[in-house]
>>> print(open('structure.txt').read())   # compact mmCIF, C-alpha atoms
# COMPACT_ATOMS: atom_id res chain seq x y z
CA MET A 1 154.31 5.33 97.77
CA ALA A 2 152.68 3.01 100.31
CA LYS A 3 149.67 1.01 99.11
CA THR A 4 146.74 -0.68 100.78
CA GLN A 5 146.65 -4.14 99.22
CA TYR A 6 144.29 -7.10 99.20
CA TYR A 7 146.50 -10.18 98.74
CA THR A 8 144.68 -13.49 98.83
CA ALA A 9 144.19 -16.89 97.24
CA THR A 10 140.94 -17.63 95.45
CA SER A 11 139.22 -20.38 93.52
CA ILE A 12 138.55 -19.86 89.81
CA ASP A 13 134.93 -18.99 90.60
CA GLY A 14 135.82 -16.36 93.17
CA TYR A 15 135.69 -17.96 96.62
CA ILE A 16 138.36 -17.62 99.31
CA ALA A 17 136.94 -20.41 101.51
CA ASP A 18 134.41 -23.17 100.96
CA GLU A 19 130.93 -23.37 102.49
CA ASN A 20 132.44 -24.79 105.70
CA ASN A 21 135.01 -21.97 105.92
CA SER A 22 137.71 -24.53 105.10
CA LEU A 23 140.87 -24.03 103.04
CA GLU A 24 141.67 -27.71 102.57
CA TRP A 25 141.00 -27.28 98.85
CA LEU A 26 143.78 -24.68 98.74
CA PHE A 27 146.39 -26.78 100.52
CA ASP A 28 145.95 -29.53 97.93
CA VAL A 29 147.27 -27.27 95.16
CA ASP A 30 150.99 -27.28 94.34
CA GLY A 31 152.30 -23.76 94.86
CA GLY A 32 155.71 -24.43 93.32
CA TYR A 33 159.11 -24.06 94.91
CA GLU A 34 158.88 -20.35 95.71
CA ASN A 35 155.96 -18.93 97.68
CA PRO A 36 155.53 -15.25 96.72
CA PHE A 37 153.97 -14.41 100.10
CA GLY A 38 157.37 -14.00 101.77
CA GLY A 39 158.45 -11.37 99.28
CA PHE A 40 155.09 -9.66 99.54
CA PHE A 41 155.01 -9.59 103.34
CA ALA A 42 158.52 -8.14 103.48
CA GLY A 43 156.96 -4.92 102.16
CA VAL A 44 154.10 -4.89 104.69
CA GLY A 45 154.21 -2.59 107.71
CA ALA A 46 150.69 -3.19 109.07
CA PHE A 47 147.79 -5.49 108.30
CA ALA A 48 144.14 -6.09 109.07
CA MET A 49 141.71 -9.00 109.07
CA GLY A 50 138.12 -9.71 109.97
CA SER A 51 137.02 -11.85 112.90
CA THR A 52 136.36 -14.95 110.77
CA THR A 53 139.84 -14.81 109.25
CA TYR A 54 141.38 -14.27 112.68
CA GLN A 55 139.51 -17.24 114.14
CA TRP A 56 140.70 -19.39 111.26
CA VAL A 57 144.31 -18.43 112.04
CA LEU A 58 143.75 -19.20 115.74
CA GLN A 59 142.49 -22.68 114.93
CA ASN A 60 144.59 -23.61 111.90
CA ASP A 61 147.93 -22.38 113.23
CA ASP A 62 147.27 -23.23 116.92
CA VAL A 63 148.64 -19.83 117.90
CA MET A 64 147.00 -19.72 121.34
CA ASN A 65 148.87 -22.85 122.45
CA ARG A 66 151.93 -22.04 120.39
CA PRO A 67 152.21 -18.23 120.14
CA GLN A 68 155.54 -18.56 118.38
CA ASN A 69 153.60 -19.74 115.32
CA TRP A 70 152.05 -16.26 115.03
CA HIS A 71 155.44 -14.60 115.43
CA ASP A 72 156.98 -16.95 112.85
CA LEU A 73 154.27 -15.93 110.39
CA TYR A 74 153.94 -12.22 111.08
CA GLY A 75 156.79 -11.17 113.37
CA ASP A 76 156.02 -7.94 115.24
CA VAL A 77 154.07 -6.36 112.38
CA PRO A 78 150.98 -4.74 113.96
CA CYS A 79 147.63 -6.34 113.14
CA TRP A 80 144.14 -4.85 113.47
CA VAL A 81 141.28 -7.34 113.90
CA PHE A 82 137.81 -6.01 113.07
CA THR A 83 135.23 -7.66 115.31
CA ASN A 84 132.09 -7.02 117.30
CA ARG A 85 132.81 -10.00 119.55
CA GLU A 86 135.29 -10.69 122.29
CA LEU A 87 138.10 -12.78 120.86
CA PRO A 88 141.25 -14.09 122.55
CA LEU A 89 144.50 -12.24 121.99
CA VAL A 90 147.56 -14.18 120.92
CA PRO A 91 150.11 -13.83 123.76
CA ASP A 92 152.71 -11.13 123.15
CA ALA A 93 151.39 -10.43 119.64
CA ASN A 94 151.00 -6.87 118.35
CA ILE A 95 147.22 -7.10 117.82
CA PHE A 96 144.52 -4.43 118.17
CA MET A 97 140.82 -5.35 118.39
CA VAL A 98 138.69 -2.71 116.66
CA SER A 99 135.20 -2.12 115.29
CA GLY A 100 133.30 0.55 113.40
CA ASP A 101 134.41 2.80 110.55
CA VAL A 102 137.43 1.56 108.63
CA GLN A 103 138.56 5.10 107.78
CA ARG A 104 140.08 5.89 111.17
CA VAL A 105 141.73 2.48 111.39
CA ALA A 106 143.14 2.87 107.88
CA GLU A 107 144.78 6.12 108.92
CA ALA A 108 146.27 4.50 112.04
CA MET A 109 147.61 1.58 110.01
CA LEU A 110 149.30 3.86 107.49
CA VAL A 111 151.04 5.70 110.33
CA ALA A 112 152.09 2.42 111.98
CA ALA A 113 153.33 1.03 108.65
CA LYS A 114 156.00 3.77 108.49
CA GLY A 115 156.12 3.99 104.74
CA LYS A 116 155.51 0.31 104.05
CA ASN A 117 152.33 -1.17 102.59
CA VAL A 118 149.14 -2.10 104.41
CA TRP A 119 147.84 -5.61 103.80
CA LEU A 120 144.15 -6.51 104.01
CA ALA A 121 144.21 -10.23 104.75
CA GLY A 122 140.44 -10.64 104.41
CA GLY A 123 137.75 -11.53 104.42
CA GLY A 124 135.97 -10.11 101.45
CA HIS A 125 133.38 -8.14 103.40
CA LEU A 126 136.07 -6.25 105.32
CA VAL A 127 138.00 -5.50 102.13
CA GLY A 128 134.74 -4.31 100.60
CA GLN A 129 134.42 -1.68 103.31
CA PHE A 130 137.85 -0.34 102.40
CA ALA A 131 136.88 -0.33 98.72
CA ASP A 132 133.65 1.56 99.55
CA ARG A 133 135.71 4.35 101.12
CA GLY A 134 138.25 4.50 98.28
CA LEU A 135 140.95 3.06 100.54
CA LEU A 136 141.93 0.03 98.43
CA ASP A 137 144.85 0.55 96.03
CA GLU A 138 145.72 -2.92 94.77
CA ILE A 139 144.36 -6.47 94.52
CA ILE A 140 146.76 -9.41 94.21
CA LEU A 141 145.09 -12.74 93.51
CA GLY A 142 146.62 -16.21 93.57
CA ILE A 143 144.06 -18.14 91.54
CA ALA A 144 144.00 -21.87 92.31
CA PRO A 145 142.82 -24.42 89.72
CA VAL A 146 139.75 -25.25 91.82
CA VAL A 147 136.03 -24.56 91.36
CA LEU A 148 134.08 -24.52 94.64
CA GLY A 149 130.58 -23.56 93.58
CA GLN A 150 129.84 -21.82 96.88
CA GLY A 151 131.55 -20.39 99.93
CA ALA A 152 133.00 -17.08 101.14
CA GLN A 153 133.10 -14.56 98.31
CA LEU A 154 136.37 -13.02 97.21
CA LEU A 155 135.05 -9.43 97.23
CA PRO A 156 131.28 -8.92 97.41
CA ARG A 157 131.31 -5.54 95.69
CA HIS A 158 130.68 -4.17 92.20
CA LEU A 159 133.92 -2.83 90.74
CA THR A 160 133.83 -1.94 87.07
CA ALA A 161 136.53 -2.38 84.42
CA ARG A 162 137.18 1.36 84.70
CA GLN A 163 138.20 0.87 88.32
CA LEU A 164 140.56 -2.07 87.75
CA ALA A 165 143.72 -2.14 85.64
CA LEU A 166 145.73 -5.32 85.15
CA THR A 167 149.33 -4.58 86.16
CA GLY A 168 150.86 -8.02 86.72
CA VAL A 169 150.56 -11.60 85.47
CA ALA A 170 152.65 -14.57 86.64
CA GLN A 171 152.49 -18.34 86.99
CA VAL A 172 153.75 -19.83 90.27
CA GLY A 173 153.36 -23.60 90.46
CA ARG A 174 149.76 -24.30 89.52
CA PHE A 175 148.63 -20.80 90.58
CA ALA A 176 147.95 -17.89 88.25
CA TYR A 177 148.80 -14.58 89.94
CA LEU A 178 146.96 -11.48 88.76
CA THR A 179 147.63 -8.00 90.10
CA TYR A 180 145.16 -5.14 89.62
CA ALA A 181 145.50 -1.46 90.40
CA VAL A 182 142.28 -0.10 91.90
CA GLY A 183 141.06 3.42 91.34
CA SER A 184 139.71 5.80 88.75
CA GLU A 185 140.33 5.01 85.10
CA PRO A 186 143.12 7.59 84.57
CA ALA A 187 145.00 6.59 87.73
CA ALA A 188 144.69 2.87 87.06
CA GLY A 189 145.69 3.26 83.45
CA ARG A 190 149.11 4.66 84.33
CA ALA A 191 150.22 1.45 86.06
CA ALA A 192 152.99 -0.54 84.36
CA VAL A 193 152.66 -4.28 83.81
CA ARG A 194 154.76 -6.19 86.34
CA GLU A 195 154.86 -9.43 88.29
CA PRO A 196 153.52 -9.76 91.84
CA ALA A 197 156.09 -9.16 94.56
CA GLY A 198 158.18 -12.22 95.26
CA ALA A 199 156.73 -14.25 92.40
CA ALA A 200 158.92 -16.58 90.39
CA ARG A 201 158.34 -16.93 86.68
CA ALA A 202 157.52 -20.52 85.73
>>> encode(input="structure.txt", output="structure tokens")
Amino acid sequence: MAKTQYYTATSIDGYIADENNSLEWLFDVDGGYENPFGGFFAGVGAFAMGSTTYQWVLQNDDVMNRPQNWHDLYGDVPCWVFTNRELPLVPDANIFMVSGDVQRVAEAMLVAAKGKNVWLAGGGHLVGQFADRGLLDEIILGIAPVVLGQGAQLLPRHLTARQLALTGVAQVGRFAYLTYAVGSEPAAGRAAVREPAGAARA
């Protein structure tokens, strides 16, 4: 069954970017020989991100000047960008600019995904809106051996232990990957322990 997943890297203290919205701290960490993202993204049929995440991709990957960089990363997989501002569209990319309630967009993404999973790329506030509506099924965290002290929060919501069940643990390079099923206690408790998609055991 298709899942809506939050797959992201985080510092030990729960930040996905530093106070300057930079990920330089992340790129300094050895991820090992096999990056699990490729295996994960192979199962994704649609994805979404907030405006800050989208702007970071625009700048970091230079996709406006080199649109092929976007296609190399994401192919033709449809992407929904949640924003209240006018943002440039990557040429020839399958991107939809949206705003408002995440419920209707979630339904559209599931249809577009055609049985594959939906990936929430971030940031944390957008993922929190999906969690508020009961639309988040799984969290996959690549925890880097870094403590930032401040920055963009991983997921600024209160989720209790009854809503999260650990279903996967793996070491990839210097990262610890943890996978959690999200939901009610009975539903989460049925999940079997497994490794994150595409992860290599150290």
>>> closest_residue(input="structure.txt", among="A:Leu23, A:Val169, A:Leu141, A:Leu135", to="A:Phe37", atoms="all atoms listed in the file")
A:Leu141
>>> closest_residue(input="structure.txt", among="A:Ile95, A:Leu26, A:Leu110, A:Leu73", to="A:Met1", atoms="all atoms listed in the file")
A:Leu110
>>> closest_residue(input="structure.txt", among="A:Gly128, A:Gly50, A:Gly183, A:Gly151", to="A:Met97", atoms="all atoms listed in the file")
A:Gly50
>>> atom_distance(input="structure.txt", atom1="atom CA of A:Thr52", atom2="atom CA of A:Pro67")
18.7 Å
>>> residues_near_point(input="structure.txt", point="(142.9, -2.7, 90.4)", cutoff="8 Å", atoms="only C-alpha atoms", output="MDAnalysis selection string")
chainID A and resid 137:139 163:167 179:183 188
>>> closest_residue(input="structure.txt", among="A:Asn21, A:Ser184, A:Gln171, A:Gln55", to="A:Tyr33", atoms="all atoms listed in the file")
A:Gln171
>>> atom_distance(input="structure.txt", atom1="atom CA of A:Gly134", atom2="atom CA of A:Pro36")
26.3 Å
>>> atom_distance(input="structure.txt", atom1="atom CA of A:Val77", atom2="atom CA of A:Asp132")
25.4 Å
>>> residues_near_point(input="structure.txt", point="(153.4, -1.8, 103.4)", cutoff="7 Å", atoms="only C-alpha atoms", output="JSON list (two decimals) with C-alpha atoms, in the coordinates of the input")
[["chain", "number", "residue", "atom", "x", "y", "z"],
["A", 2, "ALA", "CA", 152.68, 3.01, 100.31],
["A", 3, "LYS", "CA", 149.67, 1.01, 99.11],
["A", 43, "GLY", "CA", 156.96, -4.92, 102.16],
["A", 44, "VAL", "CA", 154.10, -4.89, 104.69],
["A", 45, "GLY", "CA", 154.21, -2.59, 107.71],
["A", 46, "ALA", "CA", 150.69, -3.19, 109.07],
["A", 113, "ALA", "CA", 153.33, 1.03, 108.65],
["A", 115, "GLY", "CA", 156.12, 3.99, 104.74],
["A", 116, "LYS", "CA", 155.51, 0.31, 104.05],
["A", 117, "ASN", "CA", 152.33, -1.17, 102.59],
["A", 118, "VAL", "CA", 149.14, -2.10, 104.41],
["A", 119, "TRP", "CA", 147.84, -5.61, 103.80]]
>>> closest_residue(input="structure.txt", among="A:Val172, A:Ala48, A:Val81, A:Ala108", to="A:Glu34", atoms="all atoms listed in the file")
A:Val172
>>> closest_residue(input="structure.txt", among="A:Gly14, A:Pro145, A:Pro156, A:Gly124", to="A:Val29", atoms="all atoms listed in the file")
A:Pro145
>>> residues_around(input="structure.txt", residues="A:Leu136", least_positions_apart="3", cutoff="6 Å", atoms="only C-alpha atoms", output="count of residues only")
3
